[in-house]
Structure formats: C-alpha cells, structure tokens
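Visitor: Structure file protein-v5.cif (mmCIF, C-alpha atoms) right here:
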data_entry
loop_
_atom_site.label_atom_id
_atom_site.label_comp_id
_atom_site.auth_asym_id
_atom_site.auth_seq_id
_atom_site.Cartn_x
_atom_site.Cartn_y
_atom_site.Cartn_z
CA MET A 1 17.83 -10.22 -14.85
CA SER A 2 16.45 -12.21 -17.77
CA ASP A 3 13.09 -11.25 -19.28
CA GLU A 4 10.76 -14.23 -19.45
CA GLU A 5 8.91 -12.97 -22.50
CA ASP A 6 11.67 -12.62 -25.08
CA GLY A 7 14.92 -13.62 -23.41
CA GLY A 8 16.15 -10.02 -23.25
CA SER A 9 17.46 -8.19 -20.23
CA LEU A 10 15.57 -6.25 -17.61
CA TYR A 11 17.46 -3.46 -15.87
CA VAL A 12 16.05 -3.40 -12.36
CA LEU A 13 15.17 0.02 -10.93
CA THR A 14 13.35 -0.93 -7.74
CA ALA A 15 11.22 -3.60 -6.13
CA VAL A 16 8.34 -3.72 -3.67
CA LEU A 17 6.60 -6.43 -1.70
CA LEU A 18 3.07 -7.58 -2.40
CA THR A 19 2.07 -9.59 0.67
CA PRO A 20 -0.95 -9.50 2.99
CA ALA A 21 1.06 -7.42 5.47
CA GLN A 22 2.96 -5.19 3.02
CA PHE A 23 1.67 -3.98 -0.31
CA PRO A 24 1.44 -0.60 -2.02
CA SER A 25 -1.86 0.90 -0.86
CA ILE A 26 -2.17 2.49 -4.27
CA LEU A 27 -3.14 -0.97 -5.57
CA GLY A 28 -6.19 -1.60 -3.39
CA ASP A 29 -7.95 -1.66 -0.02
CA ASP A 30 -6.68 -5.17 0.67
CA PHE A 31 -4.27 -7.81 -0.56
CA PRO A 32 -6.73 -9.73 -2.78
CA GLU A 33 -7.79 -6.47 -4.47
CA ALA A 34 -4.16 -5.55 -5.12
CA CYS A 35 -3.50 -8.99 -6.60
CA SER A 36 -6.59 -8.74 -8.78
CA LEU A 37 -5.36 -5.46 -10.25
CA LEU A 38 -2.22 -7.29 -11.38
CA GLY A 39 -4.10 -10.38 -12.52
CA VAL A 40 -2.48 -12.83 -10.09
CA PRO A 41 -4.15 -15.03 -7.44
CA PRO A 42 -3.82 -13.93 -3.79
CA ALA A 43 -1.18 -16.51 -2.81
CA PRO A 44 -0.80 -16.70 0.99
CA ASP A 45 2.93 -15.94 0.89
CA GLY A 46 2.49 -13.09 -1.58
CA TYR A 47 4.86 -11.86 -4.25
CA GLY A 48 7.66 -9.50 -5.03
CA LEU A 49 7.24 -6.86 -7.74
CA VAL A 50 10.39 -6.04 -9.69
CA LEU A 51 10.17 -2.83 -11.74
CA GLY A 52 12.63 -2.12 -14.51
CA GLN A 53 13.29 -1.33 -18.16
CA ASP A 54 14.27 -3.52 -21.06
CA GLU A 55 17.04 -2.71 -23.52
CA GLU A 56 14.70 -0.44 -25.48
CA GLY A 57 13.65 1.51 -22.38
CA ALA A 58 10.19 -0.05 -22.10
CA ARG A 59 8.66 -0.27 -18.63
CA TRP A 60 8.06 -3.74 -17.18
CA THR A 61 6.75 -5.09 -13.90
CA VAL A 62 7.86 -8.65 -13.17
CA VAL A 63 5.87 -10.54 -10.53
CA VAL A 64 7.95 -13.19 -8.74
CA ASP A 65 7.06 -15.65 -6.00
CA ASP A 66 10.50 -15.53 -4.35
CA VAL A 67 9.40 -13.09 -1.66
CA SER A 68 12.46 -13.62 0.53
CA LEU A 69 14.85 -12.65 -2.26
CA VAL A 70 12.98 -9.42 -2.97
CA ALA A 71 12.74 -8.60 0.74
CA MET A 72 16.49 -9.11 1.09
CA ALA A 73 17.17 -6.79 -1.84
CA ILE A 74 14.89 -4.07 -0.43
CA ALA A 75 16.53 -4.33 3.01
CA SER A 76 20.00 -4.05 1.45
CA TRP A 77 19.05 -1.02 -0.62
CA ASP A 78 17.48 0.65 2.41
CA CYS A 79 20.84 0.25 4.19
CA GLY A 80 22.68 1.83 1.27
CA MET A 81 24.18 -1.48 0.14
CA ASP A 82 24.39 -2.81 -3.40
CA TYR A 83 22.34 -5.88 -4.19
CA ASP A 84 22.02 -7.55 -7.57
CA LEU A 85 18.37 -8.57 -7.72
CA SER A 86 18.22 -11.39 -10.25
CA PRO A 87 15.31 -13.74 -9.56
CA ASP A 88 15.50 -17.20 -11.06
CA GLU A 89 13.33 -17.57 -14.14
CA GLN A 90 11.41 -20.34 -12.37
CA SER A 91 10.24 -17.78 -9.79
CA ILE A 92 8.70 -15.47 -12.40
CA VAL A 93 4.90 -15.62 -12.24
CA VAL A 94 4.17 -13.07 -14.97
CA SER A 95 5.77 -10.11 -16.70
CA LEU A 96 3.43 -7.16 -17.12
CA ALA A 97 3.88 -4.13 -19.35
CA GLY A 98 4.11 -0.79 -17.56
CA TRP A 99 4.61 0.22 -13.94
CA PRO A 100 1.79 0.49 -11.38
CA LEU A 101 3.84 2.99 -9.35
CA GLU A 102 5.35 6.36 -10.18
CA LEU A 103 9.14 6.18 -10.57
CA ALA A 104 11.37 9.19 -11.05
CA VAL A 105 14.40 7.15 -12.07
CA ALA A 106 15.59 5.57 -15.29
CA THR A 107 18.40 3.35 -16.54
CA ALA A 108 21.43 5.24 -17.84
CA GLY A 109 22.44 4.50 -21.40
CA ILE A 110 19.08 3.31 -22.72
CA PRO A 111 16.06 5.19 -24.09
CA GLU A 112 13.73 7.12 -21.76
CA PRO A 113 11.09 5.05 -19.95
CA HIS A 114 8.04 4.36 -22.09
CA ASP A 115 5.29 1.77 -22.24
CA PRO A 116 5.61 -1.11 -24.69
CA GLU A 117 2.80 -1.62 -27.14
CA GLN A 118 -0.46 -2.95 -25.74
CA GLY A 119 -0.38 -6.71 -25.79
CA ALA A 120 3.41 -6.91 -25.66
CA ASP A 121 3.19 -8.90 -22.43
CA GLY A 122 0.77 -11.42 -23.92
CA THR A 123 -2.12 -10.44 -21.64
CA GLY A 124 -3.87 -8.04 -24.01
CA ARG A 125 -4.13 -5.56 -21.13
CA VAL A 126 -3.41 -1.87 -21.27
CA PRO A 127 0.05 -1.32 -19.71
CA LEU A 128 0.06 -0.68 -16.00
CA ALA A 129 0.21 2.98 -14.99
CA PRO A 130 0.02 4.89 -11.73
CA PRO A 131 -3.36 6.55 -11.13
CA SER A 132 -3.87 10.23 -11.75
CA ALA A 133 -3.46 12.48 -8.73
CA GLU A 134 -5.76 15.12 -10.19
CA SER A 135 -9.03 13.80 -8.76
CA TRP A 136 -9.89 12.53 -5.28
CA GLY A 137 -10.93 8.92 -4.95
CA PRO A 138 -10.04 5.64 -3.21
CA VAL A 139 -6.43 5.70 -4.41
CA GLN A 140 -5.81 9.26 -3.23
CA ARG A 141 -7.57 8.51 0.05
CA ARG A 142 -5.26 5.55 0.72
CA MET A 143 -2.20 7.54 -0.34
CA GLY A 144 -3.24 10.29 2.07
CA ALA A 145 -3.37 7.80 4.92
CA ASP A 146 0.08 6.54 3.96
CA GLN A 147 1.40 10.10 4.03
CA ILE A 148 0.04 10.66 7.53
CA ALA A 149 1.77 7.46 8.67
CA ARG A 150 5.08 8.71 7.24
CA GLU A 151 4.66 12.16 8.83
CA TRP A 152 3.28 10.89 12.11
CA ALA A 153 5.36 13.18 14.33
CA ASP A 154 3.72 16.23 12.77
CA TRP A 155 0.17 14.87 12.63
CA SER A 156 0.12 13.45 16.15
CA GLU A 157 0.73 16.92 17.61
CA ARG A 158 -2.28 18.45 15.88
CA GLU A 159 -5.33 19.09 17.97
CA PRO A 160 -8.65 20.06 16.35
CA GLU A 161 -9.78 23.57 17.28
CA ASP A 162 -13.25 22.35 18.26
CA GLY A 163 -11.95 19.43 20.30
CA GLY A 164 -13.00 17.00 17.61
CA ALA A 165 -16.71 17.83 17.77
CA ALA A 166 -17.00 18.24 13.99
CA ALA A 167 -15.30 14.91 13.34
CA ALA A 168 -17.38 13.14 15.96
CA ALA A 169 -20.58 14.40 14.36
CA HIS A 170 -19.58 13.29 10.86
CA PRO A 171 -21.68 10.28 9.76
CA GLY A 172 -18.81 9.01 7.61
CA LEU A 173 -16.53 8.80 10.63
CA ALA A 174 -19.13 6.89 12.63
CA ARG A 175 -19.60 4.49 9.70
CA ALA A 176 -15.85 3.91 9.33
CA LEU A 177 -15.34 3.21 13.03
CA LYS A 178 -18.35 0.89 13.13
CA GLU A 179 -17.00 -1.10 10.19
CA ALA A 180 -13.52 -1.14 11.73
CA LEU A 181 -15.04 -2.54 14.93
CA GLU A 182 -16.76 -5.24 12.88
CA TYR A 183 -13.33 -6.29 11.59
CA THR A 184 -12.39 -7.25 15.16
CA GLN A 185 -15.39 -9.55 15.34
CA SER A 186 -15.37 -11.01 11.83
CA PRO A 187 -11.98 -10.97 10.08
CA PRO A 188 -11.96 -8.99 6.81
CA PRO A 189 -10.01 -9.91 3.65
CA PRO A 190 -6.24 -10.15 4.25
CA GLY A 191 -4.54 -6.77 4.28
CA ARG A 192 -7.54 -4.71 5.34
CA VAL A 193 -5.92 -4.40 8.78
CA ARG A 194 -2.13 -4.12 8.89
CA SER A 195 0.18 -3.48 11.82
CA SER A 196 3.81 -2.39 11.62
CA PHE A 197 6.49 -1.58 14.20
CA ALA A 198 6.56 2.06 15.26
CA GLY A 199 9.08 1.99 18.11
CA GLU A 200 8.75 2.12 21.90
CA GLU A 201 6.29 -0.79 21.92
CA ALA A 202 3.89 1.14 19.67
CA ARG A 203 2.41 -0.11 16.42
CA THR A 204 1.22 1.78 13.37
CA LEU A 205 -2.18 0.58 12.17
CA ARG A 206 -3.44 0.93 8.60
CA VAL A 207 -7.06 -0.05 8.19
CA ASP A 208 -9.11 0.32 5.01
CA GLY A 209 -12.72 -0.23 4.10
CA PRO A 210 -15.23 0.72 1.42
CA GLY A 211 -14.83 4.48 1.13
CA TRP A 212 -12.59 5.04 4.16
CA SER A 213 -9.06 4.67 5.51
CA LEU A 214 -7.82 4.82 9.08
CA VAL A 215 -4.25 5.40 10.23
CA ALA A 216 -3.37 5.27 13.92
CA ARG A 217 -0.83 4.46 16.57
CA THR A 218 -1.77 2.02 19.29
CA ALA A 219 -2.49 3.92 22.53
CA GLY A 220 -2.27 7.13 20.49
CA ALA A 221 -4.12 9.25 17.95
CA ALA A 222 -6.15 8.08 14.97
CA PHE A 223 -7.17 9.77 11.73
CA VAL A 224 -9.78 8.86 9.14
CA LEU A 225 -10.01 9.87 5.48
CA LEU A 226 -13.22 9.46 3.48
CA ASP A 227 -13.99 9.24 -0.21
CA GLU A 228 -16.82 11.74 0.25
CA GLU A 229 -14.53 14.35 1.85
CA PRO A 230 -11.80 15.20 -0.69
CA GLY A 231 -8.54 16.08 1.02
CA GLU A 232 -10.09 16.23 4.51
CA VAL A 233 -8.59 14.45 7.51
CA LEU A 234 -10.85 13.68 10.48
CA GLN A 235 -9.19 13.17 13.85
CA VAL A 236 -10.95 10.50 15.86
CA PRO A 237 -12.02 11.75 19.32
CA ARG A 238 -10.16 9.84 22.02
CA ASP A 239 -13.17 9.33 24.27
CA GLY A 240 -16.29 10.89 25.65
CA ASP A 241 -18.62 10.28 22.69
CA PRO A 242 -21.17 7.55 23.41
CA GLU A 243 -21.95 7.22 19.68
CA LEU A 244 -18.40 6.15 18.82
CA PRO A 245 -16.34 3.12 19.90
CA GLU A 246 -13.83 3.75 22.68
CA LEU A 247 -10.65 4.52 20.74
CA ALA A 248 -7.91 2.83 22.80
CA GLY A 249 -9.90 -0.40 23.01
CA LEU A 250 -10.69 -0.33 19.29
CA LEU A 251 -7.04 0.14 18.32
CA ALA A 252 -5.91 -2.63 20.64
CA ALA A 253 -8.52 -4.98 19.18
CA LEU A 254 -7.55 -4.07 15.61
CA ASP A 255 -3.89 -4.73 16.41
CA ARG A 256 -4.80 -8.22 17.61
CA VAL A 257 -6.43 -9.16 14.28
CA ALA A 258 -3.95 -7.30 12.05
CA VAL A 259 -1.49 -9.04 9.74
CA ARG A 260 2.15 -8.18 10.47
CA PRO A 261 5.33 -8.28 8.40
CA VAL A 262 7.37 -11.42 8.96
#
Output the structure of this file as structure tokens.
Guide:
Amino acid sequence: MSDEEDGGSLYVLTAVLLTPAQFPSILGDDFPEACSLLGVPPAPDGYGLVLGQDEEGARWTVVVDDVSLVAMAIASWDCGMDYDLSPDEQSIVVSLAGWPLELAVATAGIPEPHDPEQGADGTGRVPLAPPSAESWGPVQRRMGADQIAREWADWSEREPEDGGAAAAAHPGLARALKEALEYTQSPPPPGRVRSSFAGEEARTLRVDGPGWSLVARTAGAAFVLLDEEPGEVLQVPRDGDPELPELAGLLAALDRVAVRPV
C-alpha cells in the first residue's frame, strides 16, 4: 500500500480492528481509551489498524477508517487465503511510527524491523511500542483476561480448593462485581463490556473497569483479575454468597448491555 507521509510503500504484515466491540485489550480498558492512546477520536464505526514496514524496514501503524476492508482481510487471512490489503489513501486517518503490538514477523528482503526517528510521522510522539511484560499492571491484567478467554476449556474445569471462599472474601472481587453490576444500570464507555460468540448459544464476556478485568461465559464460570493481585486469578463463586451479586443473573444482564461484533 502507499504510505501517506512520503509516498513510499508499506509492506503489510498484519491488521487488527479497533472498534467498540473489537479492539486489542492491550490498548485500554475501553474503546475511547484505546483511541486516545493512538491519538484518534472514538469514531462510532471505529478503525482498522494496518501494521507494516516501509522500504527501509521502519515500523509503521496506519489507521484507516475503512473498517469493512480490514475486517475482510483479517477474515481471509484467518481462513488461510491470500488478501492484498491496500486501503485507499482517502481512507487513511493517520500514519503513526512504531507498532503498539508485539509482532514476531518481518518483511523478507528489507532491513530488520526498527522504529523510525521520533517525529518521523509528524506527530512529535515517541514511536508506538508494546508495553513491557516485566511488571504487573493494567495492561498485563487485561492480557491475562484475554489469555483465559483463549484457553477457556482449561480454565472452566478448574475448581478452587476452598470452594471459592478466598475469592469471595476478597474486597477487590466484591468491588469489581459491584462496579460490573453498575454497568448494567448505567452504561459505561463503549467497549467496557464486550460480548462475542462462543458456540452452543453461549457468549464470552470481557468486562473491564478501573483496576479489574472480568472474563466469563454466559451461564458458566467467571474469573476476575485485579491490579493489586499480580498474576492472581479469582474465580467468582457461582452462588450462595449474600455479599456478592448472583452470578448467572449478572452475566445475563451484562450480555444485554454489551457491544457485539457486527
């Protein structure tokens, strides 16, 4: 595709969606926060992020508003099909130096991936870079919830040795569930509650708030991760605790207010 900044070429490596229903959790707790990190307004239809290298090997992230084109490319690649992702220049919102996500691929025949000089994209910003995985924080907490969602078959079979008593007594868990319940009564920013197809009439829920993330299956198990508990995963008790919201009802209510992929 053509590079808006200098008319050169961008060799596309991958692309991701940035919409209220689908965005890399690494970028924020909700869609507006993810957009803010990239310096673009939270447009209702969202964006596509095209990640690639220029002819000198420099990393670039191109934000485009042609969401359908990017979604079609991703779907084709997921099916093992070739797809030449070449957005029209008119669809380019901004070209940003660096990549916000970790990529283990590169373009053959050009120099190794590297960041262009600061300011090369005209924004004066430091090039985008994935966060460090060395310390626990909001990014790692959200990534942990994403991992549980991907490995659901393994996590859903785990039962806490104490029947969930330790999790139920944790004040952070009670706070997270209380705030999640509030989302069902007063809608949060777009993307705080997301629902995706999980098969057999089930949905996977991803819910985030200040300092916490919840991942669950409707009519199934739920897990919470907290900023104050590095690497710990709390399994939400299914019922029987008067201090906590009834789980099945909470998940059903969250699913009703969640944004869903089109």
Visitor: From the set A:Ile26, A:Val67, A:Val50, A:Leu128, which residue has the shortest atom-to-atom contact distance to Tyr11 in chain A, counting only C-alpha atoms?
Guide: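 Smallest separation from Tyr11 in chain A among the options: A:Val50.
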Visitor: Name the residues captured by the PyMOL selection byres ((chain A and resi 29) around 6) when it is applied to the shown file; answer as a ChimeraX atom specification.
Guide: /A:28,30,208
Visitor: Write out as a PyMOL selection string which residues come within 12 Å of range 36-44 of chain A when counting only C-alpha atoms, dropping same-chain ones fewer than 2 positions away.
Guide: chain A and resi 18-21+23-34+46-49+61-67+92-100+123-130+189-191+259
Visitor: Enumerate, as number ranges by chain, the residues matched when the PyMOL selection byres ((chain A and resi 102-105) around 10) is run on the file above.
Guide: A: 13-14, 51-52, 99-101, 106-108, 112-113, 129-131
Visitor: Quick one, how far is CA of Ala71 in chain A from CA of Ser196 in chain A?
Guide: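 Atom-to-atom, CA of Ala71 in chain A and CA of Ser196 in chain A are spaced 15.4 Å apart.
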Visitor: Counting all atoms listed in the file, which of A:Gln22, A:Gln140, A:Gln118, A:Ser91 gets nearest to Val262 in chain A?
Guide: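 With all atoms listed in the file as the atom set, the closest residue is A:Gln22.
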Visitor: Given the PyMOL selection byres ((chain A and resi 230) around 9) and the file above, list the residues it selects as a list in words.
Guide: Ser135, Trp136, Gly137, Gln140, Arg141, Leu225, Leu226, Asp227, Glu228, Glu229, Gly231, Glu232 and Val233 of chain A
Visitor: Report, in Å with one decimal, the straight-line distance from CA of Asp54 in chain A to CA of Asp121 in chain A.
Guide: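 Straight-line distance from CA of Asp54 in chain A to CA of Asp121 in chain A works out to 12.4 Å.
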Visitor: Separation of CA of Phe197 in chain A and CA of Leu250 in chain A, in Å?
Guide: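 Rounded to one decimal, the two atoms are 18.0 Å apart.
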Visitor: Could you tell me, as a PDB file with C-alpha atoms, keeping the file's coordinate frame, which residues have any atom at most 7 Å from (8.0, -2.5, -24.6), counting all atoms listed in the file?
Guide:
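Listing of part-v5.pdb after writing:
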ATOM      1  CA  ALA A  58      10.190  -0.050 -22.100  1.00  0.00           C
ATOM      2  CA  ARG A  59       8.660  -0.270 -18.630  1.00  0.00           C
ATOM      3  CA  ALA A  97       3.880  -4.130 -19.350  1.00  0.00           C
ATOM      4  CA  ASP A 115       5.290   1.770 -22.240  1.00  0.00           C
ATOM      5  CA  PRO A 116       5.610  -1.110 -24.690  1.00  0.00           C
ATOM      6  CA  GLU A 117       2.800  -1.620 -27.140  1.00  0.00           C
ATOM      7  CA  ALA A 120       3.410  -6.910 -25.660  1.00  0.00           C
TER       8      ALA A 120
END
Visitor: Go through A:Ala176, A:Ile74, A:Leu234, A:Leu254 and flag the residue nearest Val193 in chain A, using all atoms listed in the file for the distances.
Guide: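 Closest to Val193 in chain A of all the choices is A:Leu254.
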Visitor: Neighbours of Asp154 in chain A within 12 Å (all atoms listed in the file; same-chain residues fewer than 6 positions away dropped), as a list in words?
Guide: Gln147, Ile148 and Ala221 of chain A
Visitor: So which one's closest to Arg206 in chain A, A:Ala145, A:Ala169, A:Ala253, A:Leu247? Using all atoms listed in the file, please.
Guide: A:Ala145
Visitor: With all atoms listed in the file as the atoms that count, which of A:Glu134, A:Asp239, A:Glu200, A:Glu151 lies nearest to Ala216 in chain A?
Guide: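 Checking each candidate against Ala216 in chain A, we get A:Glu151 as the closest.
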Visitor: Taking all atoms listed in the file into account, which of A:Val12, A:Ala198, A:Leu214, A:Leu17 comes nearest Ala153 in chain A?
Guide: A:Ala198
Visitor: Take every atom of range 158-170 of chain A listed in the file, fit an axis-aligned box around them, add 8 Å per side, and give the centre and edge lengths in Å to one decimal as lines of an AutoDock Vina configuration file.
Guide:
center_x = -11.4
center_y = 18.4
center_z = 15.6
size_x = 34.3
size_y = 26.4
size_z = 25.4
Visitor: Counting all atoms listed in the file, select every polymer residue within 6 Å of (13.6, 4.3, -25.6) as defined in the file's coordinates, and provide the selection as a list in words.
Guide: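 Returned residue set, sorted by chain then number, is Glu56, Gly57, Pro111 and Glu112 of chain A.
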Visitor: Hey, could you patch up range 28-39 of chain A with all heavy atoms and hand it over as a PDB file, in the coordinates of the input?
Guide:
ATOM      1  N   GLY A  28      -4.892  -1.120  -3.841  1.00  0.00           N
ATOM      2  CA  GLY A  28      -6.190  -1.600  -3.390  1.00  0.00           C
ATOM      3  C   GLY A  28      -6.385  -1.468  -1.892  1.00  0.00           C
ATOM      4  O   GLY A  28      -5.445  -1.163  -1.145  1.00  0.00           O
ATOM      5  N   ASP A  29      -7.617  -1.711  -1.449  1.00  0.00           N
ATOM      6  CA  ASP A  29      -7.950  -1.660  -0.020  1.00  0.00           C
ATOM      7  C   ASP A  29      -7.446  -2.872   0.730  1.00  0.00           C
ATOM      8  O   ASP A  29      -7.342  -2.844   1.956  1.00  0.00           O
ATOM      9  CB  ASP A  29      -9.466  -1.555   0.165  1.00  0.00           C
ATOM     10  CG  ASP A  29     -10.003  -0.149  -0.050  1.00  0.00           C
ATOM     11  OD1 ASP A  29      -9.247   0.815   0.173  1.00  0.00           O
ATOM     12  OD2 ASP A  29     -11.185  -0.020  -0.428  1.00  0.00           O
ATOM     13  N   ASP A  30      -7.165  -3.963   0.015  1.00  0.00           N
ATOM     14  CA  ASP A  30      -6.680  -5.170   0.670  1.00  0.00           C
ATOM     15  C   ASP A  30      -5.804  -5.955  -0.292  1.00  0.00           C
ATOM     16  O   ASP A  30      -5.678  -5.623  -1.476  1.00  0.00           O
ATOM     17  CB  ASP A  30      -7.842  -6.022   1.196  1.00  0.00           C
ATOM     18  CG  ASP A  30      -8.884  -6.331   0.133  1.00  0.00           C
ATOM     19  OD1 ASP A  30      -8.491  -6.779  -0.962  1.00  0.00           O
ATOM     20  OD2 ASP A  30     -10.093  -6.128   0.392  1.00  0.00           O
ATOM     21  N   PHE A  31      -5.200  -7.003   0.231  1.00  0.00           N
ATOM     22  CA  PHE A  31      -4.270  -7.810  -0.560  1.00  0.00           C
ATOM     23  C   PHE A  31      -4.936  -8.477  -1.757  1.00  0.00           C
ATOM     24  O   PHE A  31      -4.407  -8.420  -2.876  1.00  0.00           O
ATOM     25  CB  PHE A  31      -3.606  -8.840   0.366  1.00  0.00           C
ATOM     26  CG  PHE A  31      -2.721  -9.829  -0.324  1.00  0.00           C
ATOM     27  CD1 PHE A  31      -1.556  -9.424  -0.965  1.00  0.00           C
ATOM     28  CD2 PHE A  31      -3.043 -11.185  -0.320  1.00  0.00           C
ATOM     29  CE1 PHE A  31      -0.731 -10.343  -1.599  1.00  0.00           C
ATOM     30  CE2 PHE A  31      -2.228 -12.103  -0.950  1.00  0.00           C
ATOM     31  CZ  PHE A  31      -1.071 -11.687  -1.594  1.00  0.00           C
ATOM     32  N   PRO A  32      -6.095  -9.131  -1.605  1.00  0.00           N
ATOM     33  CA  PRO A  32      -6.730  -9.730  -2.780  1.00  0.00           C
ATOM     34  C   PRO A  32      -7.050  -8.710  -3.876  1.00  0.00           C
ATOM     35  O   PRO A  32      -6.915  -9.008  -5.062  1.00  0.00           O
ATOM     36  CB  PRO A  32      -8.006 -10.363  -2.210  1.00  0.00           C
ATOM     37  CG  PRO A  32      -7.669 -10.655  -0.786  1.00  0.00           C
ATOM     38  CD  PRO A  32      -6.804  -9.505  -0.357  1.00  0.00           C
ATOM     39  N   GLU A  33      -7.477  -7.494  -3.469  1.00  0.00           N
ATOM     40  CA  GLU A  33      -7.790  -6.470  -4.470  1.00  0.00           C
ATOM     41  C   GLU A  33      -6.528  -6.047  -5.216  1.00  0.00           C
ATOM     42  O   GLU A  33      -6.546  -5.854  -6.433  1.00  0.00           O
ATOM     43  CB  GLU A  33      -8.434  -5.257  -3.806  1.00  0.00           C
ATOM     44  CG  GLU A  33      -8.864  -4.179  -4.789  1.00  0.00           C
ATOM     45  CD  GLU A  33      -9.530  -2.994  -4.117  1.00  0.00           C
ATOM     46  OE1 GLU A  33      -9.925  -3.115  -2.933  1.00  0.00           O
ATOM     47  OE2 GLU A  33      -9.664  -1.946  -4.776  1.00  0.00           O
ATOM     48  N   ALA A  34      -5.415  -5.921  -4.484  1.00  0.00           N
ATOM     49  CA  ALA A  34      -4.160  -5.550  -5.120  1.00  0.00           C
ATOM     50  C   ALA A  34      -3.706  -6.632  -6.100  1.00  0.00           C
ATOM     51  O   ALA A  34      -3.234  -6.336  -7.204  1.00  0.00           O
ATOM     52  CB  ALA A  34      -3.085  -5.314  -4.058  1.00  0.00           C
ATOM     53  N   CYS A  35      -3.858  -7.901  -5.700  1.00  0.00           N
ATOM     54  CA  CYS A  35      -3.500  -8.990  -6.600  1.00  0.00           C
ATOM     55  C   CYS A  35      -4.376  -9.007  -7.842  1.00  0.00           C
ATOM     56  O   CYS A  35      -3.906  -9.249  -8.958  1.00  0.00           O
ATOM     57  CB  CYS A  35      -3.609 -10.332  -5.858  1.00  0.00           C
ATOM     58  SG  CYS A  35      -2.358 -10.593  -4.587  1.00  0.00           S
ATOM     59  N   SER A  36      -5.665  -8.745  -7.648  1.00  0.00           N
ATOM     60  CA  SER A  36      -6.590  -8.740  -8.780  1.00  0.00           C
ATOM     61  C   SER A  36      -6.218  -7.683  -9.802  1.00  0.00           C
ATOM     62  O   SER A  36      -6.316  -7.909 -11.009  1.00  0.00           O
ATOM     63  CB  SER A  36      -8.020  -8.501  -8.262  1.00  0.00           C
ATOM     64  OG  SER A  36      -8.936  -8.422  -9.336  1.00  0.00           O
ATOM     65  N   LEU A  37      -5.762  -6.514  -9.322  1.00  0.00           N
ATOM     66  CA  LEU A  37      -5.360  -5.460 -10.250  1.00  0.00           C
ATOM     67  C   LEU A  37      -4.219  -5.919 -11.145  1.00  0.00           C
ATOM     68  O   LEU A  37      -4.128  -5.517 -12.303  1.00  0.00           O
ATOM     69  CB  LEU A  37      -4.966  -4.211  -9.472  1.00  0.00           C
ATOM     70  CG  LEU A  37      -4.653  -2.955 -10.286  1.00  0.00           C
ATOM     71  CD1 LEU A  37      -5.113  -1.712  -9.548  1.00  0.00           C
ATOM     72  CD2 LEU A  37      -3.168  -2.838 -10.614  1.00  0.00           C
ATOM     73  N   LEU A  38      -3.356  -6.792 -10.612  1.00  0.00           N
ATOM     74  CA  LEU A  38      -2.220  -7.290 -11.380  1.00  0.00           C
ATOM     75  C   LEU A  38      -2.516  -8.607 -12.084  1.00  0.00           C
ATOM     76  O   LEU A  38      -1.669  -9.129 -12.815  1.00  0.00           O
ATOM     77  CB  LEU A  38      -1.005  -7.462 -10.459  1.00  0.00           C
ATOM     78  CG  LEU A  38      -0.507  -6.187  -9.785  1.00  0.00           C
ATOM     79  CD1 LEU A  38       0.624  -6.510  -8.826  1.00  0.00           C
ATOM     80  CD2 LEU A  38      -0.054  -5.153 -10.807  1.00  0.00           C
ATOM     81  N   GLY A  39      -3.707  -9.156 -11.832  1.00  0.00           N
ATOM     82  CA  GLY A  39      -4.100 -10.380 -12.520  1.00  0.00           C
ATOM     83  C   GLY A  39      -3.442 -11.632 -11.987  1.00  0.00           C
ATOM     84  O   GLY A  39      -3.260 -12.610 -12.723  1.00  0.00           O
TER      85      GLY A  39
END
